[in-house]
$ cat upload-v6.txt   # compact mmCIF, C-alpha atoms and all ligand atoms
# COMPACT_ATOMS: atom_id res chain seq x y z
CA MET A 1047 57.06 -48.79 -152.17
CA SER A 1048 56.00 -51.57 -149.90
CA MET A 1049 52.36 -52.66 -149.74
CA ARG A 1050 52.95 -53.57 -146.12
CA ARG A 1051 51.78 -51.04 -143.58
CA PRO A 1052 54.32 -50.76 -140.73
CA LEU A 1053 53.33 -51.94 -137.25
CA VAL A 1054 55.01 -50.77 -134.06
CA ALA A 1055 53.85 -53.01 -131.21
CA GLY A 1056 54.69 -52.70 -127.53
CA ASN A 1057 54.94 -55.74 -125.26
CA TRP A 1058 54.50 -54.64 -121.67
CA LYS A 1059 55.25 -58.16 -120.34
CA MET A 1060 54.49 -58.45 -116.57
CA ASN A 1061 54.39 -54.70 -116.08
CA GLY A 1062 51.47 -52.37 -115.56
CA LEU A 1063 48.98 -51.59 -112.81
CA LYS A 1064 45.86 -49.42 -112.81
CA ALA A 1065 48.11 -46.38 -112.45
CA THR A 1066 49.73 -47.27 -115.78
CA VAL A 1067 46.52 -46.57 -117.66
CA ALA A 1068 47.53 -42.90 -117.65
CA GLU A 1069 50.73 -43.81 -119.50
CA PHE A 1070 48.71 -45.66 -122.12
CA ALA A 1071 46.48 -42.59 -122.49
CA ARG A 1072 49.60 -40.52 -123.22
CA ILE A 1073 50.62 -43.01 -125.90
CA ALA A 1074 47.14 -42.90 -127.44
CA GLU A 1075 47.17 -39.10 -127.34
CA GLY A 1076 50.49 -38.99 -129.15
CA TYR A 1077 49.23 -41.26 -131.92
CA ASP A 1078 48.10 -38.32 -133.99
CA ALA A 1079 46.94 -38.11 -137.58
CA GLY A 1080 50.49 -37.63 -138.85
CA LEU A 1081 51.67 -40.81 -137.17
CA ARG A 1082 48.53 -42.72 -138.10
CA ALA A 1083 49.23 -41.97 -141.74
CA LYS A 1084 52.53 -43.84 -141.46
CA ALA A 1085 52.21 -46.80 -139.10
CA ASP A 1086 49.90 -48.96 -137.00
CA LEU A 1087 50.44 -48.80 -133.25
CA MET A 1088 49.62 -51.51 -130.73
CA ILE A 1089 50.12 -52.12 -127.02
CA CYS A 1090 50.07 -55.59 -125.46
CA PRO A 1091 49.45 -55.08 -121.74
CA PRO A 1092 49.17 -57.81 -119.11
CA ALA A 1093 45.83 -59.64 -119.22
CA THR A 1094 44.63 -57.73 -116.15
CA LEU A 1095 44.60 -54.48 -118.14
CA LEU A 1096 43.19 -55.72 -121.46
CA SER A 1097 39.57 -54.72 -120.81
CA THR A 1098 40.46 -51.33 -119.36
CA LEU A 1099 42.88 -50.39 -122.13
CA ALA A 1100 40.51 -51.63 -124.82
CA VAL A 1101 37.99 -49.07 -123.55
CA VAL A 1102 40.56 -46.28 -123.15
CA ALA A 1103 41.82 -47.04 -126.67
CA LEU A 1104 38.39 -46.58 -128.26
CA GLY A 1105 38.57 -43.88 -130.89
CA SER A 1106 42.36 -43.62 -130.66
CA HIS A 1107 43.17 -46.24 -133.33
CA VAL A 1108 45.78 -47.83 -131.04
CA GLY A 1109 45.39 -51.59 -131.20
CA ILE A 1110 45.30 -53.71 -128.05
CA GLY A 1111 46.81 -57.19 -127.94
CA ALA A 1112 47.36 -59.91 -125.37
CA GLN A 1113 50.70 -61.61 -124.69
CA ASP A 1114 49.60 -65.25 -124.83
CA CYS A 1115 46.51 -67.43 -125.11
CA HIS A 1116 45.51 -71.03 -124.47
CA ALA A 1117 44.84 -73.16 -127.55
CA LYS A 1118 41.38 -74.23 -126.35
CA ALA A 1119 38.31 -71.99 -126.29
CA SER A 1120 37.27 -72.87 -122.73
CA GLY A 1121 37.56 -75.61 -120.13
CA ALA A 1122 39.44 -76.84 -117.10
CA HIS A 1123 42.68 -74.90 -117.50
CA THR A 1124 43.21 -72.97 -114.29
CA GLY A 1125 44.97 -69.67 -114.77
CA ASP A 1126 44.84 -69.74 -118.56
CA ILE A 1127 43.05 -67.33 -120.87
CA SER A 1128 41.51 -68.29 -124.20
CA ALA A 1129 41.66 -66.33 -127.44
CA GLU A 1130 37.88 -65.98 -127.22
CA MET A 1131 38.24 -64.32 -123.81
CA ILE A 1132 40.85 -61.96 -125.24
CA ALA A 1133 38.55 -61.03 -128.12
CA ASP A 1134 35.76 -60.53 -125.59
CA THR A 1135 37.78 -57.77 -123.87
CA GLY A 1136 37.85 -55.80 -127.11
CA ALA A 1137 41.47 -56.64 -127.91
CA SER A 1138 42.25 -57.49 -131.54
CA ALA A 1139 45.56 -59.38 -131.38
CA VAL A 1140 47.64 -61.81 -129.36
CA ILE A 1141 51.37 -62.50 -129.23
CA VAL A 1142 52.14 -66.24 -129.39
CA GLY A 1143 55.48 -68.00 -129.04
CA HIS A 1144 57.37 -65.18 -127.34
CA SER A 1145 60.78 -66.50 -126.30
CA GLU A 1146 59.94 -65.92 -122.64
CA ARG A 1147 56.92 -68.23 -123.06
CA ARG A 1148 59.00 -70.76 -124.99
CA ALA A 1149 61.69 -70.71 -122.25
CA ASP A 1150 59.67 -70.19 -119.03
CA HIS A 1151 56.68 -72.34 -119.99
CA HIS A 1152 58.38 -74.84 -122.29
CA GLU A 1153 56.21 -73.90 -125.25
CA SER A 1154 57.05 -75.96 -128.33
CA ASP A 1155 56.53 -75.00 -131.96
CA ALA A 1156 53.50 -77.33 -131.97
CA MET A 1157 51.95 -75.43 -129.07
CA VAL A 1158 52.62 -72.08 -130.73
CA HIS A 1159 51.04 -73.47 -133.93
CA ALA A 1160 47.90 -74.43 -131.97
CA LYS A 1161 47.77 -71.02 -130.27
CA ALA A 1162 48.01 -69.21 -133.62
CA GLU A 1163 45.03 -71.23 -134.87
CA ALA A 1164 43.18 -70.37 -131.66
CA ALA A 1165 43.87 -66.68 -132.29
CA TRP A 1166 42.33 -66.90 -135.77
CA ARG A 1167 39.38 -68.93 -134.48
CA ALA A 1168 38.59 -65.97 -132.21
CA GLY A 1169 39.16 -63.43 -134.98
CA LEU A 1170 42.44 -62.15 -133.53
CA LEU A 1171 45.63 -61.19 -135.32
CA ALA A 1172 48.40 -63.65 -134.35
CA VAL A 1173 51.82 -62.10 -133.70
CA ILE A 1174 54.05 -65.18 -133.94
CA CYS A 1175 57.53 -64.84 -132.42
CA VAL A 1176 60.68 -66.64 -133.52
CA GLY A 1177 64.38 -66.14 -132.84
CA GLU A 1178 67.63 -67.89 -132.07
CA THR A 1179 69.62 -68.03 -128.82
CA ARG A 1180 73.15 -66.69 -128.53
CA THR A 1181 74.59 -70.21 -128.60
CA GLU A 1182 72.68 -70.97 -131.79
CA ARG A 1183 73.89 -67.77 -133.47
CA GLU A 1184 77.50 -68.40 -132.44
CA ALA A 1185 77.21 -71.90 -133.89
CA GLY A 1186 76.15 -70.38 -137.23
CA ALA A 1187 72.70 -71.95 -136.89
CA ALA A 1188 70.51 -68.82 -136.64
CA LEU A 1189 68.94 -69.08 -140.10
CA ASP A 1190 68.25 -72.80 -139.70
CA VAL A 1191 66.75 -72.36 -136.24
CA VAL A 1192 64.39 -69.63 -137.42
CA ARG A 1193 63.44 -71.62 -140.54
CA GLY A 1194 62.58 -74.53 -138.27
CA GLN A 1195 60.50 -72.34 -135.96
CA LEU A 1196 58.63 -70.84 -138.92
CA ALA A 1197 57.94 -74.30 -140.33
CA GLY A 1198 56.73 -75.60 -136.97
CA SER A 1199 54.89 -72.58 -135.57
CA LEU A 1200 53.07 -71.22 -138.63
CA PRO A 1201 49.83 -72.99 -139.50
CA ALA A 1202 48.84 -73.45 -143.14
CA GLY A 1203 46.09 -70.85 -142.80
CA ALA A 1204 48.47 -67.93 -142.28
CA THR A 1205 47.64 -64.85 -144.36
CA ALA A 1206 48.91 -61.29 -144.58
CA ALA A 1207 45.75 -60.20 -142.74
CA ASN A 1208 45.74 -62.69 -139.85
CA THR A 1209 49.46 -63.06 -139.11
CA VAL A 1210 52.46 -60.92 -138.21
CA ILE A 1211 55.87 -62.52 -137.64
CA ALA A 1212 58.26 -61.07 -135.08
CA TYR A 1213 61.95 -61.98 -135.35
CA GLU A 1214 63.39 -61.58 -131.87
CA PRO A 1215 66.88 -62.94 -131.29
CA VAL A 1216 66.72 -64.15 -127.68
CA TRP A 1217 70.12 -62.65 -126.85
CA ALA A 1218 68.94 -59.19 -127.95
CA ILE A 1219 65.84 -59.10 -125.73
CA GLY A 1220 66.24 -56.77 -122.77
CA THR A 1221 70.02 -56.76 -123.10
CA GLY A 1222 70.71 -53.57 -125.04
CA LEU A 1223 72.44 -55.74 -127.65
CA THR A 1224 71.21 -55.81 -131.24
CA PRO A 1225 72.33 -57.74 -134.31
CA THR A 1226 74.14 -55.76 -136.99
CA LEU A 1227 71.90 -54.22 -139.62
CA ALA A 1228 73.41 -56.69 -142.08
CA ASP A 1229 72.43 -59.61 -139.84
CA ILE A 1230 68.88 -58.26 -139.49
CA ALA A 1231 68.66 -57.80 -143.26
CA GLN A 1232 69.92 -61.33 -143.87
CA MET A 1233 67.43 -62.88 -141.44
CA HIS A 1234 64.45 -60.88 -142.65
CA GLY A 1235 65.36 -61.59 -146.27
CA ASP A 1236 65.59 -65.28 -145.49
CA MET A 1237 62.25 -65.27 -143.66
CA ARG A 1238 60.63 -63.45 -146.57
CA ALA A 1239 61.93 -66.08 -148.99
CA VAL A 1240 60.56 -68.86 -146.78
CA LEU A 1241 57.15 -67.15 -146.54
CA LEU A 1242 57.03 -66.48 -150.28
CA ALA A 1243 57.84 -70.09 -151.06
CA ARG A 1244 55.15 -71.40 -148.71
CA PHE A 1245 52.39 -68.78 -148.93
CA GLY A 1246 52.96 -66.96 -152.22
CA ALA A 1247 51.33 -63.52 -152.35
CA GLU A 1248 50.17 -63.85 -148.73
CA GLY A 1249 53.80 -64.39 -147.71
CA ALA A 1250 54.78 -61.29 -149.65
CA GLY A 1251 52.23 -59.26 -147.72
CA MET A 1252 52.95 -60.63 -144.24
CA ARG A 1253 54.56 -58.10 -141.92
CA LEU A 1254 57.90 -59.05 -140.38
CA LEU A 1255 58.74 -57.17 -137.19
CA TYR A 1256 62.18 -56.96 -135.62
CA GLY A 1257 62.30 -57.16 -131.80
CA GLY A 1258 65.15 -56.97 -129.31
CA SER A 1259 66.40 -53.77 -127.65
CA VAL A 1260 64.71 -51.39 -130.07
CA LYS A 1261 65.07 -47.89 -128.61
CA PRO A 1262 64.45 -44.35 -129.86
CA ASP A 1263 68.12 -44.00 -130.81
CA ASN A 1264 68.36 -47.14 -132.98
CA ALA A 1265 64.81 -47.28 -134.33
CA ARG A 1266 65.38 -45.34 -137.51
CA GLU A 1267 68.24 -47.47 -138.76
CA ILE A 1268 66.58 -50.76 -137.82
CA LEU A 1269 63.18 -49.82 -139.27
CA GLY A 1270 64.97 -48.78 -142.45
CA VAL A 1271 66.27 -52.30 -143.12
CA ALA A 1272 64.69 -54.09 -146.09
CA ASP A 1273 61.88 -56.47 -145.09
CA VAL A 1274 61.63 -54.96 -141.61
CA ASP A 1275 57.99 -53.89 -141.46
CA GLY A 1276 57.96 -52.63 -137.90
CA ALA A 1277 59.10 -53.46 -134.41
CA LEU A 1278 58.06 -55.42 -131.35
CA VAL A 1279 59.27 -53.31 -128.44
CA GLY A 1280 59.60 -54.42 -124.83
CA GLY A 1281 61.21 -52.07 -122.31
CA ALA A 1282 60.91 -48.94 -124.43
CA SER A 1283 57.16 -49.44 -124.87
CA LEU A 1284 56.44 -48.76 -121.20
CA THR A 1285 56.45 -44.98 -121.50
CA ALA A 1286 55.07 -42.62 -124.11
CA ASP A 1287 58.41 -40.76 -124.05
CA THR A 1288 60.30 -43.81 -125.31
CA PHE A 1289 57.60 -45.59 -127.35
CA LEU A 1290 56.29 -42.73 -129.47
CA PRO A 1291 59.73 -41.68 -130.79
CA ILE A 1292 60.21 -45.23 -132.08
CA ALA A 1293 56.99 -45.00 -134.10
CA ARG A 1294 57.97 -41.50 -135.20
CA ALA A 1295 61.07 -42.94 -136.80
CA TYR A 1296 58.73 -43.64 -139.73
C1 LIG A 1301 60.44 -58.31 -126.34
O1 LIG A 1301 60.58 -59.06 -125.39
O2 LIG A 1301 59.48 -58.49 -127.12
C2 LIG A 1301 61.43 -57.24 -126.54
C3 LIG A 1301 61.70 -56.91 -127.76
O3 LIG A 1301 62.01 -56.67 -125.41
P1 LIG A 1301 63.09 -55.44 -125.37
O4 LIG A 1301 62.63 -54.41 -126.37
O5 LIG A 1301 63.02 -54.95 -123.96
O6 LIG A 1301 64.42 -56.01 -125.75

$ encode --input "upload-v6.txt" --output "structure tokens" --more "lines below"
Ligand code: PEP
Amino acid sequence: MSMRRPLVAGNWKMNGLKATVAEFARIAEGYDAGLRAKADLMICPPATLLSTLAVVALGSHVGIGAQDCHAKASGAHTGDISAEMIADTGASAVIVGHSERRADHHESDAMVHAKAEAAWRAGLLAVICVGETRTEREAGAALDVVRGQLAGSLPAGATAANTVIAYEPVWAIGTGLTPTLADIAQMHGDMRAVLLARFGAEGAGMRLLYGGSVKPDNAREILGVADVDGALVGGASLTADTFLPIARAY
């Protein structure tokens, strides 16, 4: 029996308006005592909805996270949001290093590293994303790429309590494609070995999420893979009807 409590997190990306708050309320309503006994649930809405959802989530036990933060606490950084501001909304976590940030905003491992430290500075859980591209997997480099990202993106202060790692193969995000269960098992096993070697018991306790086209119909088999401690869900997290069944796979 694993000491790691599963986490099913939803990444809403650039989706969600005021009208979407009702959908979040349905998710919170469905997170009943039976489900709470099995897994943590979290939604990461766009920054515009953080404060509202943090209030709606009160008493529901659904965690609220942001999708990115700036490394600095404040200053002349137009359009950016600091980890302190995220904490101020009532949110408790932030995703850093999502592949869409790495690709669209040229975020390097060093930047992700700084953002993870910013998250901890503000008392937030850092959900650090890693994952190879299709070209890298086809070249047989997936394990090496992810090892490199872990080495570069994870600060020395990472613990089981302040960090969650999400393995998200870029080619599986939003495509309906997923790695084989054997490939997921191999990657998660390799990541666990890396974390154990570097962080010891903290590495053993760190949760490793799989992300990339997780849906109600493949959740059970993916969440059943060794060293998969939950999921980071994009598209299927936008409605209660698709998100809750994923969590109920536990
Ligand atoms: C994601 O981008 O975090 C993700 C996993 O997206 P999807 O579930 O839509 O593939």

$ closest_residue --input "upload-v6.txt" --among "A:Ala1162, A:Ile1292, A:Ala1085, A:Val1173" --to "A:Ala1202" --atoms "all atoms listed in the file"
A:Ala1162

$ residues_near_ligand --input "upload-v6.txt" --ligand "ligand LIG 1301 (chain A)" --cutoff "8 Å" --atoms "only C-alpha atoms and all ligand atoms" --output "list of chain:residue names"
A:Gly1056, A:Asn1057, A:Lys1059, A:His1144, A:Ser1145, A:Glu1146, A:Glu1214, A:Ala1218, A:Ile1219, A:Gly1220, A:Thr1221, A:Gly1222, A:Tyr1256, A:Gly1257, A:Gly1258, A:Ser1259, A:Val1260, A:Lys1261, A:Ala1277, A:Leu1278, A:Val1279, A:Gly1280, A:Gly1281, A:Ala1282, A:Ser1283

$ atom_distance --input "upload-v6.txt" --atom1 "atom CA of A:Asn1061" --atom2 "atom CA of A:Leu1196"
28.3 Å

$ closest_residue --input "upload-v6.txt" --among "A:Val1210, A:Leu1241, A:Leu1290, A:Ala1228" --to "A:Arg1193" --atoms "all atoms listed in the file"
A:Leu1241

$ atom_distance --input "upload-v6.txt" --atom1 "atom CA of A:Lys1161" --atom2 "atom CA of A:Arg1244"
19.9 Å

$ residues_around --input "upload-v6.txt" --residues "stretch 1089-1093 of chain A" --least-positions-apart "6" --cutoff "8 Å" --atoms "only C-alpha atoms" --output "JSON, numbers by chain"
{"A": [1055, 1056, 1057, 1058, 1059, 1060, 1061, 1062, 1108, 1109, 1110, 1111, 1112, 1113, 1140, 1141, 1283]}

$ write_last_selection --input "upload-v6.txt" --atoms "C-alpha atoms" --output "mmCIF file, in the frame of the given file"
data_model
loop_
_atom_site.group_PDB
_atom_site.id
_atom_site.type_symbol
_atom_site.label_atom_id
_atom_site.label_comp_id
_atom_site.auth_asym_id
_atom_site.auth_seq_id
_atom_site.Cartn_x
_atom_site.Cartn_y
_atom_site.Cartn_z
ATOM 1 C CA ALA A 1055 53.850 -53.010 -131.210
ATOM 2 C CA GLY A 1056 54.690 -52.700 -127.530
ATOM 3 C CA ASN A 1057 54.940 -55.740 -125.260
ATOM 4 C CA TRP A 1058 54.500 -54.640 -121.670
ATOM 5 C CA LYS A 1059 55.250 -58.160 -120.340
ATOM 6 C CA MET A 1060 54.490 -58.450 -116.570
ATOM 7 C CA ASN A 1061 54.390 -54.700 -116.080
ATOM 8 C CA GLY A 1062 51.470 -52.370 -115.560
ATOM 9 C CA VAL A 1108 45.780 -47.830 -131.040
ATOM 10 C CA GLY A 1109 45.390 -51.590 -131.200
ATOM 11 C CA ILE A 1110 45.300 -53.710 -128.050
ATOM 12 C CA GLY A 1111 46.810 -57.190 -127.940
ATOM 13 C CA ALA A 1112 47.360 -59.910 -125.370
ATOM 14 C CA GLN A 1113 50.700 -61.610 -124.690
ATOM 15 C CA VAL A 1140 47.640 -61.810 -129.360
ATOM 16 C CA ILE A 1141 51.370 -62.500 -129.230
ATOM 17 C CA SER A 1283 57.160 -49.440 -124.870
#

$ atom_distance --input "upload-v6.txt" --atom1 "atom CA of A:Ser1097" --atom2 "atom CA of A:Asp1275"
27.7 Å

$ closest_residue --input "upload-v6.txt" --among "A:Leu1099, A:Ala1247, A:Ile1174, A:Leu1189" --to "A:Thr1205" --atoms "all atoms listed in the file"
A:Ala1247

$ closest_residue --input "upload-v6.txt" --among "A:Ser1120, A:Thr1181, A:Asn1264, A:Ser1154" --to "A:Thr1226" --atoms "only C-alpha atoms"
A:Asn1264

$ build_atoms --input "upload-v6.txt" --residues "stretch 1130-1165 of chain A" --atoms "N, CA and C atoms" --output "mmCIF file, in the frame of the given file"
data_model
loop_
_atom_site.group_PDB
_atom_site.id
_atom_site.type_symbol
_atom_site.label_atom_id
_atom_site.label_comp_id
_atom_site.auth_asym_id
_atom_site.auth_seq_id
_atom_site.Cartn_x
_atom_site.Cartn_y
_atom_site.Cartn_z
ATOM 1 N N GLU A 1130 39.240 -66.514 -127.246
ATOM 2 C CA GLU A 1130 37.880 -65.980 -127.220
ATOM 3 C C GLU A 1130 37.709 -64.961 -126.092
ATOM 4 N N MET A 1131 38.318 -65.252 -124.935
ATOM 5 C CA MET A 1131 38.240 -64.320 -123.810
ATOM 6 C C MET A 1131 38.961 -63.019 -124.142
ATOM 7 N N ILE A 1132 40.080 -63.142 -124.842
ATOM 8 C CA ILE A 1132 40.850 -61.960 -125.240
ATOM 9 C C ILE A 1132 40.023 -61.111 -126.199
ATOM 10 N N ALA A 1133 39.401 -61.767 -127.170
ATOM 11 C CA ALA A 1133 38.550 -61.030 -128.120
ATOM 12 C C ALA A 1133 37.394 -60.359 -127.387
ATOM 13 N N ASP A 1134 36.893 -61.042 -126.366
ATOM 14 C CA ASP A 1134 35.760 -60.530 -125.590
ATOM 15 C C ASP A 1134 36.099 -59.230 -124.844
ATOM 16 N N THR A 1135 37.381 -59.012 -124.549
ATOM 17 C CA THR A 1135 37.780 -57.770 -123.870
ATOM 18 C C THR A 1135 37.767 -56.575 -124.818
ATOM 19 N N GLY A 1136 37.750 -56.877 -126.125
ATOM 20 C CA GLY A 1136 37.850 -55.800 -127.110
ATOM 21 C C GLY A 1136 39.224 -55.737 -127.746
ATOM 22 N N ALA A 1137 40.149 -56.593 -127.288
ATOM 23 C CA ALA A 1137 41.470 -56.640 -127.910
ATOM 24 C C ALA A 1137 41.359 -57.276 -129.298
ATOM 25 N N SER A 1138 42.342 -57.014 -130.156
ATOM 26 C CA SER A 1138 42.250 -57.490 -131.540
ATOM 27 C C SER A 1138 43.435 -58.366 -131.943
ATOM 28 N N ALA A 1139 44.360 -58.626 -131.024
ATOM 29 C CA ALA A 1139 45.560 -59.380 -131.380
ATOM 30 C C ALA A 1139 46.080 -60.153 -130.181
ATOM 31 N N VAL A 1140 46.959 -61.100 -130.449
ATOM 32 C CA VAL A 1140 47.640 -61.810 -129.360
ATOM 33 C C VAL A 1140 49.031 -62.234 -129.840
ATOM 34 N N ILE A 1141 50.010 -62.013 -128.977
ATOM 35 C CA ILE A 1141 51.370 -62.500 -129.230
ATOM 36 C C ILE A 1141 51.387 -63.991 -128.888
ATOM 37 N N VAL A 1142 51.961 -64.818 -129.740
ATOM 38 C CA VAL A 1142 52.140 -66.240 -129.390
ATOM 39 C C VAL A 1142 53.594 -66.630 -129.660
ATOM 40 N N GLY A 1143 54.125 -67.489 -128.816
ATOM 41 C CA GLY A 1143 55.480 -68.000 -129.040
ATOM 42 C C GLY A 1143 56.590 -67.043 -128.655
ATOM 43 N N HIS A 1144 56.282 -66.047 -127.794
ATOM 44 C CA HIS A 1144 57.370 -65.180 -127.340
ATOM 45 C C HIS A 1144 58.442 -66.041 -126.677
ATOM 46 N N SER A 1145 59.691 -65.644 -126.804
ATOM 47 C CA SER A 1145 60.780 -66.500 -126.300
ATOM 48 C C SER A 1145 60.686 -66.713 -124.794
ATOM 49 N N GLU A 1146 60.096 -65.732 -124.089
ATOM 50 C CA GLU A 1146 59.940 -65.920 -122.640
ATOM 51 C C GLU A 1146 58.890 -66.995 -122.340
ATOM 52 N N ARG A 1147 57.889 -67.135 -123.195
ATOM 53 C CA ARG A 1147 56.920 -68.230 -123.060
ATOM 54 C C ARG A 1147 57.576 -69.563 -123.458
ATOM 55 N N ARG A 1148 58.334 -69.518 -124.543
ATOM 56 C CA ARG A 1148 59.000 -70.760 -124.990
ATOM 57 C C ARG A 1148 59.962 -71.248 -123.910
ATOM 58 N N ALA A 1149 60.693 -70.317 -123.251
ATOM 59 C CA ALA A 1149 61.690 -70.710 -122.250
ATOM 60 C C ALA A 1149 61.039 -70.996 -120.892
ATOM 61 N N ASP A 1150 60.205 -70.056 -120.392
ATOM 62 C CA ASP A 1150 59.670 -70.190 -119.030
ATOM 63 C C ASP A 1150 58.563 -71.228 -118.928
ATOM 64 N N HIS A 1151 57.843 -71.435 -120.037
ATOM 65 C CA HIS A 1151 56.680 -72.340 -119.990
ATOM 66 C C HIS A 1151 56.828 -73.503 -120.964
ATOM 67 N N HIS A 1152 58.051 -73.694 -121.435
ATOM 68 C CA HIS A 1152 58.380 -74.840 -122.290
ATOM 69 C C HIS A 1152 57.427 -74.963 -123.481
ATOM 70 N N GLU A 1153 57.114 -73.850 -124.111
ATOM 71 C CA GLU A 1153 56.210 -73.900 -125.250
ATOM 72 C C GLU A 1153 56.959 -74.359 -126.504
ATOM 73 N N SER A 1154 56.445 -75.407 -127.110
ATOM 74 C CA SER A 1154 57.050 -75.960 -128.330
ATOM 75 C C SER A 1154 56.452 -75.274 -129.560
ATOM 76 N N ASP A 1155 57.090 -75.507 -130.705
ATOM 77 C CA ASP A 1155 56.530 -75.000 -131.960
ATOM 78 C C ASP A 1155 55.097 -75.500 -132.154
ATOM 79 N N ALA A 1156 54.857 -76.757 -131.789
ATOM 80 C CA ALA A 1156 53.500 -77.330 -131.970
ATOM 81 C C ALA A 1156 52.479 -76.569 -131.117
ATOM 82 N N MET A 1157 52.875 -76.182 -129.927
ATOM 83 C CA MET A 1157 51.950 -75.430 -129.070
ATOM 84 C C MET A 1157 51.708 -74.036 -129.644
ATOM 85 N N VAL A 1158 52.757 -73.420 -130.141
ATOM 86 C CA VAL A 1158 52.620 -72.080 -130.730
ATOM 87 C C VAL A 1158 51.705 -72.160 -131.956
ATOM 88 N N HIS A 1159 51.882 -73.203 -132.746
ATOM 89 C CA HIS A 1159 51.040 -73.470 -133.930
ATOM 90 C C HIS A 1159 49.565 -73.538 -133.513
ATOM 91 N N ALA A 1160 49.282 -74.276 -132.443
ATOM 92 C CA ALA A 1160 47.900 -74.430 -131.970
ATOM 93 C C ALA A 1160 47.350 -73.095 -131.442
ATOM 94 N N LYS A 1161 48.216 -72.321 -130.803
ATOM 95 C CA LYS A 1161 47.770 -71.020 -130.270
ATOM 96 C C LYS A 1161 47.481 -70.038 -131.406
ATOM 97 N N ALA A 1162 48.265 -70.098 -132.470
ATOM 98 C CA ALA A 1162 48.010 -69.210 -133.620
ATOM 99 C C ALA A 1162 46.646 -69.550 -134.225
ATOM 100 N N GLU A 1163 46.341 -70.833 -134.335
ATOM 101 C CA GLU A 1163 45.030 -71.230 -134.870
ATOM 102 C C GLU A 1163 43.904 -70.793 -133.940
ATOM 103 N N ALA A 1164 44.180 -70.834 -132.631
ATOM 104 C CA ALA A 1164 43.180 -70.370 -131.660
ATOM 105 C C ALA A 1164 42.941 -68.875 -131.847
ATOM 106 N N ALA A 1165 43.999 -68.134 -132.068
ATOM 107 C CA ALA A 1165 43.870 -66.680 -132.290
ATOM 108 C C ALA A 1165 42.939 -66.416 -133.464
#
